[in-house]
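Chemist: Enclosed is the structure file protein.txt (compact mmCIF, C-alpha atoms).
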# COMPACT_ATOMS: atom_id res chain seq x y z
CA MET A 1 -28.25 -100.39 86.26
CA LYS A 2 -28.82 -100.91 89.99
CA LEU A 3 -25.81 -102.36 91.77
CA ILE A 4 -24.81 -102.90 95.40
CA VAL A 5 -21.24 -101.66 95.83
CA ASN A 6 -19.60 -102.30 99.20
CA GLY A 7 -23.03 -102.66 100.73
CA GLU A 8 -24.51 -99.45 99.28
CA ALA A 9 -27.02 -99.12 96.45
CA HIS A 10 -25.76 -97.35 93.31
CA GLU A 11 -27.40 -96.46 90.02
CA VAL A 12 -24.53 -96.61 87.53
CA ALA A 13 -24.24 -96.79 83.75
CA ALA A 14 -21.44 -99.34 83.58
CA ALA A 15 -21.45 -102.47 81.45
CA THR A 16 -18.32 -104.03 82.92
CA LEU A 17 -16.58 -104.14 86.27
CA ALA A 18 -13.72 -102.03 84.92
CA GLU A 19 -16.21 -99.36 83.80
CA LEU A 20 -17.83 -99.39 87.23
CA LEU A 21 -14.49 -98.83 88.98
CA ALA A 22 -13.74 -95.89 86.69
CA ALA A 23 -17.23 -94.41 87.12
CA LEU A 24 -16.91 -94.50 90.93
CA ASP A 25 -13.33 -93.15 90.93
CA TYR A 26 -11.65 -96.34 92.04
CA GLU A 27 -8.15 -96.75 90.70
CA GLY A 28 -4.91 -98.42 91.68
CA ASN A 29 -3.31 -101.84 91.59
CA TRP A 30 -3.91 -102.38 95.32
CA LEU A 31 -7.63 -103.09 94.92
CA ALA A 32 -9.26 -106.51 94.96
CA THR A 33 -12.72 -107.13 93.58
CA ALA A 34 -15.46 -109.71 93.93
CA VAL A 35 -18.87 -109.95 92.32
CA ASN A 36 -21.61 -111.93 94.03
CA SER A 37 -18.99 -113.38 96.43
CA ASP A 38 -16.65 -114.67 93.72
CA VAL A 39 -13.24 -113.12 93.05
CA VAL A 40 -12.81 -111.19 89.81
CA HIS A 41 -9.12 -110.80 89.08
CA THR A 42 -7.64 -107.55 87.80
CA ALA A 43 -7.07 -108.93 84.32
CA GLU A 44 -10.71 -110.05 84.04
CA ARG A 45 -12.38 -106.76 85.00
CA ALA A 46 -12.53 -105.26 81.51
CA GLN A 47 -14.41 -108.29 80.16
CA PHE A 48 -16.52 -108.97 83.25
CA LYS A 49 -20.13 -108.03 82.40
CA LEU A 50 -22.31 -106.71 85.21
CA ASN A 51 -25.98 -107.51 85.68
CA ASP A 52 -28.74 -105.64 87.46
CA GLY A 53 -28.64 -106.37 91.19
CA ASP A 54 -25.04 -107.60 91.27
CA ARG A 55 -23.27 -107.25 94.61
CA ILE A 56 -19.75 -105.91 94.21
CA GLU A 57 -17.05 -105.82 96.87
CA ILE A 58 -14.05 -103.53 96.38
CA LEU A 59 -11.38 -104.14 99.00
CA ALA A 60 -8.01 -102.58 99.80
CA PRO A 61 -5.12 -103.31 102.18
CA MET A 62 -5.92 -102.45 105.77
CA GLN A 63 -4.44 -102.92 109.22
CA GLY A 64 -4.95 -106.41 110.60
CA GLY A 65 -4.03 -108.64 113.49
CA MET B 1 15.82 -120.77 112.40
CA LEU B 2 12.07 -121.34 112.21
CA ASP B 3 11.06 -122.90 108.88
CA VAL B 4 7.46 -122.44 107.71
CA TYR B 5 6.38 -123.68 104.30
CA GLY B 6 10.01 -123.69 103.19
CA THR B 7 10.70 -120.11 104.35
CA LYS B 8 13.18 -119.49 107.13
CA LEU B 9 12.13 -116.76 109.54
CA PRO B 10 14.90 -114.88 111.37
CA SER B 11 12.57 -113.88 114.22
CA ARG B 12 10.00 -115.83 116.19
CA LEU B 13 7.68 -112.88 116.63
CA LEU B 14 4.85 -112.14 114.22
CA LEU B 15 3.22 -108.77 114.80
CA GLY B 16 -0.20 -107.41 113.88
CA THR B 17 -0.57 -103.96 112.36
CA ALA B 18 -3.95 -102.85 113.74
CA GLN B 19 -4.98 -100.34 116.43
CA TYR B 20 -1.74 -98.33 116.67
CA PRO B 21 -2.00 -94.63 117.53
CA SER B 22 -0.40 -93.65 114.20
CA PRO B 23 1.29 -95.16 111.13
CA ALA B 24 4.65 -93.84 112.36
CA ILE B 25 4.28 -95.57 115.72
CA LEU B 26 3.26 -98.76 113.94
CA ALA B 27 6.43 -98.66 111.83
CA ASP B 28 8.64 -97.91 114.85
CA ALA B 29 6.99 -100.68 116.90
CA VAL B 30 7.54 -103.24 114.16
CA LYS B 31 11.21 -102.29 113.95
CA ALA B 32 11.65 -102.33 117.75
CA SER B 33 10.08 -105.79 118.00
CA CYS B 34 12.44 -107.27 115.40
CA ALA B 35 9.38 -109.14 114.03
CA SER B 36 9.95 -111.08 110.84
CA VAL B 37 6.33 -111.13 109.72
CA VAL B 38 3.50 -108.60 109.91
CA THR B 39 -0.17 -109.43 109.55
CA VAL B 40 -2.50 -107.37 107.37
CA SER B 41 -6.10 -107.46 106.24
CA LEU B 42 -8.49 -106.39 103.49
CA ARG B 43 -11.41 -104.05 104.04
CA ARG B 44 -13.86 -102.09 101.91
CA GLU B 45 -12.30 -99.10 100.17
CA MET B 46 -14.32 -95.90 99.83
CA ALA B 47 -14.92 -94.52 96.36
CA GLY B 48 -11.96 -92.31 95.49
CA GLY B 49 -10.24 -93.43 98.69
CA ARG B 50 -6.48 -93.82 98.94
CA GLY B 51 -6.26 -95.21 102.49
CA GLY B 52 -5.37 -98.67 101.27
CA GLU B 53 -2.60 -97.36 99.06
CA LYS B 54 -0.98 -95.40 101.90
CA PHE B 55 -1.10 -98.33 104.29
CA TRP B 56 0.24 -100.75 101.69
CA SER B 57 3.15 -98.39 100.89
CA LEU B 58 4.02 -98.22 104.59
CA ILE B 59 3.97 -102.00 104.94
CA GLN B 60 6.09 -102.48 101.83
CA SER B 61 8.66 -100.03 103.21
CA LEU B 62 9.18 -102.35 106.20
CA ARG B 63 10.54 -105.05 103.85
CA LEU B 64 9.13 -107.93 105.91
CA ARG B 65 7.06 -110.93 104.99
CA VAL B 66 3.35 -110.17 104.94
CA LEU B 67 0.73 -112.53 106.33
CA PRO B 68 -2.77 -111.47 105.23
CA ASN B 69 -5.67 -112.63 107.37
CA THR B 70 -9.30 -113.52 106.81
CA ALA B 71 -10.39 -111.77 110.01
CA GLY B 72 -14.11 -111.30 110.40
CA CYS B 73 -15.06 -114.14 108.08
CA HIS B 74 -17.78 -116.35 109.51
CA SER B 75 -18.18 -118.85 106.68
CA VAL B 76 -15.96 -121.05 104.54
CA LYS B 77 -17.05 -119.18 101.40
CA GLU B 78 -16.20 -115.77 102.89
CA ALA B 79 -12.81 -116.96 104.08
CA VAL B 80 -11.88 -118.61 100.80
CA THR B 81 -12.94 -115.60 98.72
CA THR B 82 -11.09 -113.21 101.03
CA ALA B 83 -7.96 -115.37 100.83
CA LYS B 84 -8.03 -115.29 97.04
CA MET B 85 -8.48 -111.51 97.03
CA ALA B 86 -5.60 -111.14 99.50
CA ARG B 87 -3.34 -113.28 97.33
CA GLU B 88 -3.92 -110.95 94.40
CA VAL B 89 -3.41 -107.69 96.30
CA PHE B 90 -0.52 -108.68 98.56
CA GLY B 91 1.24 -110.96 96.08
CA THR B 92 1.67 -113.83 98.55
CA ASN B 93 0.14 -117.27 98.91
CA TRP B 94 0.46 -117.03 102.71
CA ILE B 95 -2.85 -116.71 104.52
CA LYS B 96 -3.72 -116.54 108.20
CA LEU B 97 -6.97 -118.45 108.02
CA GLU B 98 -9.68 -117.33 110.41
CA VAL B 99 -13.20 -118.72 110.29
CA ILE B 100 -14.92 -117.20 113.28
CA GLY B 101 -17.61 -119.20 115.03
CA ASN B 102 -18.79 -116.93 117.81
CA HIS B 103 -19.24 -113.16 117.93
CA ASP B 104 -18.46 -112.82 121.64
CA THR B 105 -15.46 -115.08 122.08
CA LEU B 106 -14.19 -114.85 118.47
CA GLN B 107 -13.35 -118.51 118.81
CA PRO B 108 -12.72 -120.35 115.57
CA ASP B 109 -15.40 -122.42 113.86
CA VAL B 110 -13.09 -125.40 113.69
CA PHE B 111 -15.36 -127.37 111.35
CA GLY B 112 -15.39 -124.55 108.80
CA LEU B 113 -11.70 -123.97 109.43
CA VAL B 114 -10.76 -127.52 108.42
CA GLU B 115 -12.92 -127.32 105.29
CA ALA B 116 -11.53 -123.93 104.25
CA ALA B 117 -7.98 -125.09 104.94
CA ARG B 118 -8.42 -128.07 102.63
CA ILE B 119 -9.82 -125.90 99.83
CA LEU B 120 -7.03 -123.34 100.14
CA ARG B 121 -4.22 -125.90 100.40
CA GLU B 122 -5.48 -127.56 97.22
CA ASP B 123 -5.41 -124.12 95.60
CA GLY B 124 -1.75 -123.62 96.51
CA PHE B 125 -2.05 -121.46 99.62
CA ALA B 126 0.34 -121.72 102.56
CA VAL B 127 -2.32 -121.86 105.25
CA PHE B 128 -1.67 -120.62 108.81
CA PRO B 129 -4.85 -121.71 110.60
CA TYR B 130 -6.02 -119.82 113.69
CA THR B 131 -7.32 -122.71 115.78
CA THR B 132 -7.96 -123.88 119.32
CA ASP B 133 -5.71 -126.16 121.37
CA ASP B 134 -7.89 -129.20 120.48
CA LEU B 135 -5.69 -132.10 119.37
CA VAL B 136 -8.26 -133.73 117.10
CA VAL B 137 -8.84 -130.49 115.23
CA ALA B 138 -5.09 -130.15 114.92
CA GLU B 139 -4.88 -133.64 113.40
CA ARG B 140 -7.60 -132.74 110.89
CA LEU B 141 -5.83 -129.53 109.91
CA LEU B 142 -2.60 -131.43 109.32
CA ALA B 143 -4.53 -134.03 107.27
CA ALA B 144 -5.96 -131.14 105.24
CA GLY B 145 -2.39 -130.19 104.33
CA CYS B 146 -1.52 -127.50 106.87
CA GLN B 147 2.18 -127.46 107.77
CA VAL B 148 1.81 -124.89 110.57
CA LEU B 149 -0.75 -124.61 113.37
CA MET B 150 -1.67 -121.45 115.25
CA PRO B 151 -3.52 -122.28 118.47
CA TRP B 152 -4.98 -119.53 120.60
CA CYS B 153 -3.93 -119.33 124.23
CA ALA B 154 -6.95 -117.15 125.15
CA PRO B 155 -9.61 -115.20 123.22
CA ILE B 156 -8.41 -112.57 120.72
CA GLY B 157 -7.60 -109.27 122.39
CA SER B 158 -8.32 -110.60 125.90
CA ALA B 159 -4.73 -110.26 127.20
CA LEU B 160 -5.41 -113.21 129.51
CA GLY B 161 -2.28 -115.11 128.56
CA PRO B 162 -2.12 -118.91 128.49
CA VAL B 163 -5.30 -120.00 130.29
CA ASN B 164 -4.78 -123.72 129.65
CA VAL B 165 -1.10 -124.49 129.95
CA THR B 166 -1.82 -128.21 130.22
CA ALA B 167 -3.51 -128.22 126.81
CA LEU B 168 -0.68 -126.22 125.23
CA ARG B 169 1.91 -128.55 126.73
CA SER B 170 -0.05 -131.52 125.42
CA MET B 171 -0.22 -130.01 121.94
CA ARG B 172 3.52 -129.41 121.89
CA GLY B 173 4.09 -132.98 122.99
CA HIS B 174 1.77 -134.47 120.37
CA PHE B 175 3.23 -132.56 117.44
CA PRO B 176 6.95 -132.29 118.11
CA GLU B 177 7.85 -131.64 114.46
CA VAL B 178 5.04 -129.24 113.49
CA PRO B 179 5.73 -125.50 113.73
CA LEU B 180 3.31 -124.23 116.40
CA ILE B 181 2.67 -120.51 116.70
CA VAL B 182 0.63 -119.22 119.62
CA ASP B 183 -1.82 -116.74 118.14
CA ALA B 184 -4.17 -114.58 120.18
CA GLY B 185 -4.64 -113.90 123.88
CA LEU B 186 -1.13 -112.81 124.87
CA GLY B 187 -1.22 -109.75 127.09
CA ARG B 188 2.25 -109.41 128.57
CA PRO B 189 5.81 -110.21 127.59
CA SER B 190 5.86 -112.78 130.40
CA HIS B 191 2.98 -114.60 128.65
CA ALA B 192 5.05 -114.77 125.47
CA ALA B 193 8.07 -116.01 127.39
CA ARG B 194 5.89 -118.64 129.09
CA VAL B 195 4.64 -120.21 125.86
CA MET B 196 8.09 -120.04 124.31
CA GLU B 197 9.45 -121.84 127.38
CA LEU B 198 6.87 -124.57 126.69
CA GLY B 199 8.55 -125.08 123.34
CA PHE B 200 6.24 -123.21 121.02
CA ASP B 201 8.02 -122.05 117.90
CA ALA B 202 6.76 -118.47 117.71
CA VAL B 203 4.04 -116.08 118.84
CA LEU B 204 1.69 -113.80 116.95
CA LEU B 205 0.26 -110.80 118.77
CA ASN B 206 -1.17 -107.38 118.13
CA THR B 207 -3.35 -105.72 120.75
CA ALA B 208 -0.93 -106.03 123.67
CA VAL B 209 1.60 -103.95 121.74
CA ALA B 210 -0.70 -101.59 119.84
CA LYS B 211 -2.78 -100.60 122.88
CA ALA B 212 0.15 -100.22 125.31
CA ALA B 213 0.86 -96.73 126.62
CA ASP B 214 4.16 -96.92 124.71
CA PRO B 215 3.72 -99.37 121.81
CA VAL B 216 7.35 -99.09 120.72
CA GLY B 217 8.66 -99.92 124.19
CA MET B 218 6.20 -102.78 124.53
CA ALA B 219 7.16 -104.14 121.11
CA ARG B 220 10.80 -104.19 122.18
CA ALA B 221 9.86 -105.91 125.45
CA PHE B 222 7.93 -108.63 123.60
CA GLY B 223 10.84 -109.17 121.25
CA LYS B 224 13.17 -109.73 124.19
CA ALA B 225 10.65 -112.00 125.96
CA VAL B 226 10.29 -114.21 122.89
CA ASP B 227 14.05 -114.53 122.57
CA ALA B 228 14.45 -115.20 126.29
CA GLY B 229 11.72 -117.84 126.32
CA ARG B 230 13.18 -119.60 123.29
CA GLU B 231 16.69 -119.63 124.70
CA ALA B 232 15.38 -120.91 128.04
CA TYR B 233 13.54 -123.75 126.30
CA ARG B 234 16.65 -124.72 124.35
CA SER B 235 18.77 -124.54 127.47
CA GLY B 236 16.70 -127.05 129.47
CA LEU B 237 14.53 -125.72 132.27
CA LEU B 238 14.71 -127.00 135.81
CA GLU B 239 11.52 -128.82 136.77
CA PRO B 240 9.74 -127.58 139.92
CA ARG B 241 10.38 -129.52 143.14
CA ASP B 242 8.30 -129.81 146.29
CA VAL B 243 11.23 -129.52 148.68
CA ALA B 244 13.92 -126.95 149.24
CA VAL B 245 17.34 -127.79 147.84
CA PRO B 246 20.23 -125.60 148.98
CA SER B 247 22.07 -123.95 146.13
CA THR B 248 25.14 -123.16 148.22
CA PRO B 249 27.35 -126.22 148.87
CA THR B 250 26.91 -127.64 152.36
CA ILE B 251 30.32 -129.31 152.38
CA GLY B 252 32.90 -127.16 154.15
CA ARG B 253 30.29 -125.16 155.98
CA ALA B 254 31.67 -123.60 159.16
CA VAL B 255 30.21 -124.79 162.42
CA PHE B 256 29.88 -122.30 165.24
CA GLN B 257 29.13 -123.55 168.72
Now, as a test, write the supplied structure out as structure tokens.
Modeler:
Amino acid sequence: MKLIVNGEAHEVAAATLAELLAALDYEGNWLATAVNSDVVHTAERAQFKLNDGDRIEILAPMQGG
Amino acid sequence: MLDVYGTKLPSRLLLGTAQYPSPAILADAVKASCASVVTVSLRREMAGGRGGEKFWSLIQSLRLRVLPNTAGCHSVKEAVTTAKMAREVFGTNWIKLEVIGNHDTLQPDVFGLVEAARILREDGFAVFPYTTDDLVVAERLLAAGCQVLMPWCAPIGSALGPVNVTALRSMRGHFPEVPLIVDAGLGRPSHAARVMELGFDAVLLNTAVAKAADPVGMARAFGKAVDAGREAYRSGLLEPRDVAVPSTPTIGRAVFQ
């Protein structure tokens, strides 16, 4: 499946958002996720089905002003 | 003590966490400033990356309130989504709401700001809107449910200090009961003292400390300036006069022929 993850194209065999995170070596309870500009909460990732062309944002705490 | 959304803050300085030379200097600067709140952000994490985890551990070790921002968001949708993601990661409903309207000046898109503020207040967020000193916008933000306003005093990172003191004074006068935090544009401790002397409740700054030659020393200086400005405001400042008035009593003055 072709996905856009943090702005970059990926070809990944992942049916759900949780599977995608595992496949790309993302782990930790400090991550926040959104698919096609809508938040997907941690508890929803295992059930959240991905579709070809989905745009996924994976964010983490960072310095800010 | 300053009360924002039912939380009492022991310090009137809110400090940003970006652009410091190192994490250790950031931590030391925060401590030296005696800030009660630190601002943080969310950015893309690299695959397999642990940068976010390290930073979040450092922030948690400071044991201060965290105010996540929506920096860099240029639309209502972006800002609202970012706020919701921040709430999940940082475990707080506090959000410094930025909806940027211009790339060069980083001035807020006040129309989008009001709309995003309404959406987030209805969703239970404690919204700290980064706004201008415009009184009508301020009214709209309050009508949208905001209980705190954060006017700029100059563009973000400009270090210009209060460029429109008249507007700031007017804002303070119009909203005597609303917590007003000057956010953005402060370059020197004297700027912070100036706005605190005007009666503003707190200041939020970042670049002036982080980019100083000695961020820890500058953080301490800003902390003192905020306290000095607040105490001066509470103590009643002497208004300027056009004529000289002798401070030494004239009665009993010796006369020499």
Chemist: When the cut-off is 6 Å and we count all atoms listed in the file, which residues of chain A are near chain B, given as a list in words?
Modeler: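 Only these qualify: Leu24, Asp25, Tyr26, Trp30, Ala32, Ile58, Leu59, Ala60, Pro61, Met62, Gln63, Gly64 and Gly65 of chain A.
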Chemist: Near Pro155 in chain B, counting only C-alpha atoms, which residues have an atom at most 9 Å away, once you skip same-chain residues fewer than 2 positions from it, shown as a PyMOL selection string?
Modeler: chain B and resi 105-107+152-153+157-160+184-186
Chemist: Extract, using only C-alpha atoms, all DNA, RNA and protein residues at most 12 Å from Leu141 in chain B, discarding same-chain residues fewer than 3 positions from it, and format them as an mmCIF file with C-alpha atoms, keeping the file's coordinate frame.
Modeler:
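Output file selection.cif is given in full below:
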data_model
loop_
_atom_site.group_PDB
_atom_site.id
_atom_site.type_symbol
_atom_site.label_atom_id
_atom_site.label_comp_id
_atom_site.auth_asym_id
_atom_site.auth_seq_id
_atom_site.Cartn_x
_atom_site.Cartn_y
_atom_site.Cartn_z
ATOM 1 C CA LEU B 97 -6.970 -118.450 108.020
ATOM 2 C CA VAL B 110 -13.090 -125.400 113.690
ATOM 3 C CA PHE B 111 -15.360 -127.370 111.350
ATOM 4 C CA GLY B 112 -15.390 -124.550 108.800
ATOM 5 C CA LEU B 113 -11.700 -123.970 109.430
ATOM 6 C CA VAL B 114 -10.760 -127.520 108.420
ATOM 7 C CA GLU B 115 -12.920 -127.320 105.290
ATOM 8 C CA ALA B 116 -11.530 -123.930 104.250
ATOM 9 C CA ALA B 117 -7.980 -125.090 104.940
ATOM 10 C CA ARG B 118 -8.420 -128.070 102.630
ATOM 11 C CA ILE B 119 -9.820 -125.900 99.830
ATOM 12 C CA LEU B 120 -7.030 -123.340 100.140
ATOM 13 C CA ARG B 121 -4.220 -125.900 100.400
ATOM 14 C CA VAL B 127 -2.320 -121.860 105.250
ATOM 15 C CA PHE B 128 -1.670 -120.620 108.810
ATOM 16 C CA PRO B 129 -4.850 -121.710 110.600
ATOM 17 C CA TYR B 130 -6.020 -119.820 113.690
ATOM 18 C CA THR B 131 -7.320 -122.710 115.780
ATOM 19 C CA THR B 132 -7.960 -123.880 119.320
ATOM 20 C CA ASP B 133 -5.710 -126.160 121.370
ATOM 21 C CA ASP B 134 -7.890 -129.200 120.480
ATOM 22 C CA LEU B 135 -5.690 -132.100 119.370
ATOM 23 C CA VAL B 136 -8.260 -133.730 117.100
ATOM 24 C CA VAL B 137 -8.840 -130.490 115.230
ATOM 25 C CA ALA B 138 -5.090 -130.150 114.920
ATOM 26 C CA ALA B 144 -5.960 -131.140 105.240
ATOM 27 C CA GLY B 145 -2.390 -130.190 104.330
ATOM 28 C CA CYS B 146 -1.520 -127.500 106.870
ATOM 29 C CA GLN B 147 2.180 -127.460 107.770
ATOM 30 C CA VAL B 148 1.810 -124.890 110.570
ATOM 31 C CA LEU B 149 -0.750 -124.610 113.370
ATOM 32 C CA MET B 150 -1.670 -121.450 115.250
ATOM 33 C CA PRO B 151 -3.520 -122.280 118.470
ATOM 34 C CA VAL B 178 5.040 -129.240 113.490
#
Chemist: Calculate how many Å separate CA of Phe200 in chain B from CA of Tyr233 in chain B, rounding to one decimal.
Modeler: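 CA of Tyr233 in chain B lies at a distance of 9.0 Å from CA of Phe200 in chain B.
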Chemist: Give me, as a JSON list (two decimals) with C-alpha atoms, in the frame of the given file, all polymer residues having an atom no more than 8 Å from range 3-20 of chain A, counting all atoms listed in the file and skipping those fewer than 4 positions away in the same chain.
Modeler:
[["chain", "number", "residue", "atom", "x", "y", "z"],
["A", 24, "LEU", "CA", -16.91, -94.50, 90.93],
["A", 45, "ARG", "CA", -12.38, -106.76, 85.00],
["A", 46, "ALA", "CA", -12.53, -105.26, 81.51],
["A", 47, "GLN", "CA", -14.41, -108.29, 80.16],
["A", 48, "PHE", "CA", -16.52, -108.97, 83.25],
["A", 49, "LYS", "CA", -20.13, -108.03, 82.40],
["A", 50, "LEU", "CA", -22.31, -106.71, 85.21],
["A", 51, "ASN", "CA", -25.98, -107.51, 85.68],
["A", 52, "ASP", "CA", -28.74, -105.64, 87.46],
["A", 53, "GLY", "CA", -28.64, -106.37, 91.19],
["A", 54, "ASP", "CA", -25.04, -107.60, 91.27],
["A", 55, "ARG", "CA", -23.27, -107.25, 94.61],
["A", 56, "ILE", "CA", -19.75, -105.91, 94.21],
["A", 57, "GLU", "CA", -17.05, -105.82, 96.87],
["A", 58, "ILE", "CA", -14.05, -103.53, 96.38],
["B", 44, "ARG", "CA", -13.86, -102.09, 101.91]]
Chemist: Pick the closest to Ile181 in chain B from B:Val203, B:Ala193, B:Thr7, B:Ser247: which is it, counting all atoms listed in the file?
Modeler: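 Going through B:Val203, B:Ala193, B:Thr7, B:Ser247 one by one, the smallest distance to Ile181 in chain B is for B:Val203.
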Chemist: In Å, how far is it from CA of Thr250 in chain B to CA of Leu238 in chain B?
Modeler: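 Between CA of Thr250 in chain B and CA of Leu238 in chain B the gap works out to 20.6 Å.
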Chemist: Could you work out how far CA of Arg65 in chain B lies from CA of Gly28 in chain A, giving the answer in Å with one decimal?
Modeler: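 Atom-to-atom, CA of Gly28 in chain A and CA of Arg65 in chain B are spaced 21.8 Å apart.
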Chemist: For a cut-off of 12 Å around (12.4, -114.8, 126.3), file coordinates, pick out all residues using all atoms listed in the file and list them as number ranges by chain.
Modeler: B: 12-13, 188-203, 220-235
Chemist: Can you give me N, CA and C atoms for range 22-36 of chain A, written as a PDB file, in the coordinates of the input?
Modeler:
ATOM      1  N   ALA A  22     -14.076 -97.219  87.213  1.00  0.00           N
ATOM      2  CA  ALA A  22     -13.740 -95.890  86.690  1.00  0.00           C
ATOM      3  C   ALA A  22     -14.840 -94.896  87.019  1.00  0.00           C
ATOM      4  N   ALA A  23     -16.101 -95.319  86.878  1.00  0.00           N
ATOM      5  CA  ALA A  23     -17.230 -94.410  87.120  1.00  0.00           C
ATOM      6  C   ALA A  23     -17.286 -93.965  88.575  1.00  0.00           C
ATOM      7  N   LEU A  24     -16.854 -94.841  89.500  1.00  0.00           N
ATOM      8  CA  LEU A  24     -16.910 -94.500  90.930  1.00  0.00           C
ATOM      9  C   LEU A  24     -15.571 -94.000  91.461  1.00  0.00           C
ATOM     10  N   ASP A  25     -14.638 -93.713  90.546  1.00  0.00           N
ATOM     11  CA  ASP A  25     -13.330 -93.150  90.930  1.00  0.00           C
ATOM     12  C   ASP A  25     -12.498 -94.106  91.773  1.00  0.00           C
ATOM     13  N   TYR A  26     -12.565 -95.380  91.435  1.00  0.00           N
ATOM     14  CA  TYR A  26     -11.650 -96.340  92.040  1.00  0.00           C
ATOM     15  C   TYR A  26     -10.505 -96.561  91.071  1.00  0.00           C
ATOM     16  N   GLU A  27      -9.301 -96.430  91.550  1.00  0.00           N
ATOM     17  CA  GLU A  27      -8.150 -96.750  90.700  1.00  0.00           C
ATOM     18  C   GLU A  27      -6.998 -97.217  91.568  1.00  0.00           C
ATOM     19  N   GLY A  28      -6.080 -97.953  90.940  1.00  0.00           N
ATOM     20  CA  GLY A  28      -4.910 -98.420  91.680  1.00  0.00           C
ATOM     21  C   GLY A  28      -4.797 -99.927  91.646  1.00  0.00           C
ATOM     22  N   ASN A  29      -3.549-100.395  91.690  1.00  0.00           N
ATOM     23  CA  ASN A  29      -3.310-101.840  91.590  1.00  0.00           C
ATOM     24  C   ASN A  29      -3.341-102.514  92.962  1.00  0.00           C
ATOM     25  N   TRP A  30      -3.820-101.792  93.973  1.00  0.00           N
ATOM     26  CA  TRP A  30      -3.910-102.380  95.320  1.00  0.00           C
ATOM     27  C   TRP A  30      -5.345-102.797  95.648  1.00  0.00           C
ATOM     28  N   LEU A  31      -6.233-102.737  94.678  1.00  0.00           N
ATOM     29  CA  LEU A  31      -7.630-103.090  94.920  1.00  0.00           C
ATOM     30  C   LEU A  31      -7.908-104.543  94.537  1.00  0.00           C
ATOM     31  N   ALA A  32      -8.790-105.166  95.302  1.00  0.00           N
ATOM     32  CA  ALA A  32      -9.260-106.510  94.960  1.00  0.00           C
ATOM     33  C   ALA A  32     -10.772-106.446  94.801  1.00  0.00           C
ATOM     34  N   THR A  33     -11.286-107.209  93.856  1.00  0.00           N
ATOM     35  CA  THR A  33     -12.720-107.130  93.580  1.00  0.00           C
ATOM     36  C   THR A  33     -13.372-108.515  93.592  1.00  0.00           C
ATOM     37  N   ALA A  34     -14.641-108.495  93.987  1.00  0.00           N
ATOM     38  CA  ALA A  34     -15.460-109.710  93.930  1.00  0.00           C
ATOM     39  C   ALA A  34     -16.862-109.307  93.498  1.00  0.00           C
ATOM     40  N   VAL A  35     -17.483-110.175  92.732  1.00  0.00           N
ATOM     41  CA  VAL A  35     -18.870-109.950  92.320  1.00  0.00           C
ATOM     42  C   VAL A  35     -19.683-111.152  92.764  1.00  0.00           C
ATOM     43  N   ASN A  36     -20.739-110.876  93.492  1.00  0.00           N
ATOM     44  CA  ASN A  36     -21.610-111.930  94.030  1.00  0.00           C
ATOM     45  C   ASN A  36     -20.787-113.011  94.756  1.00  0.00           C
TER      46      ASN A  36
END
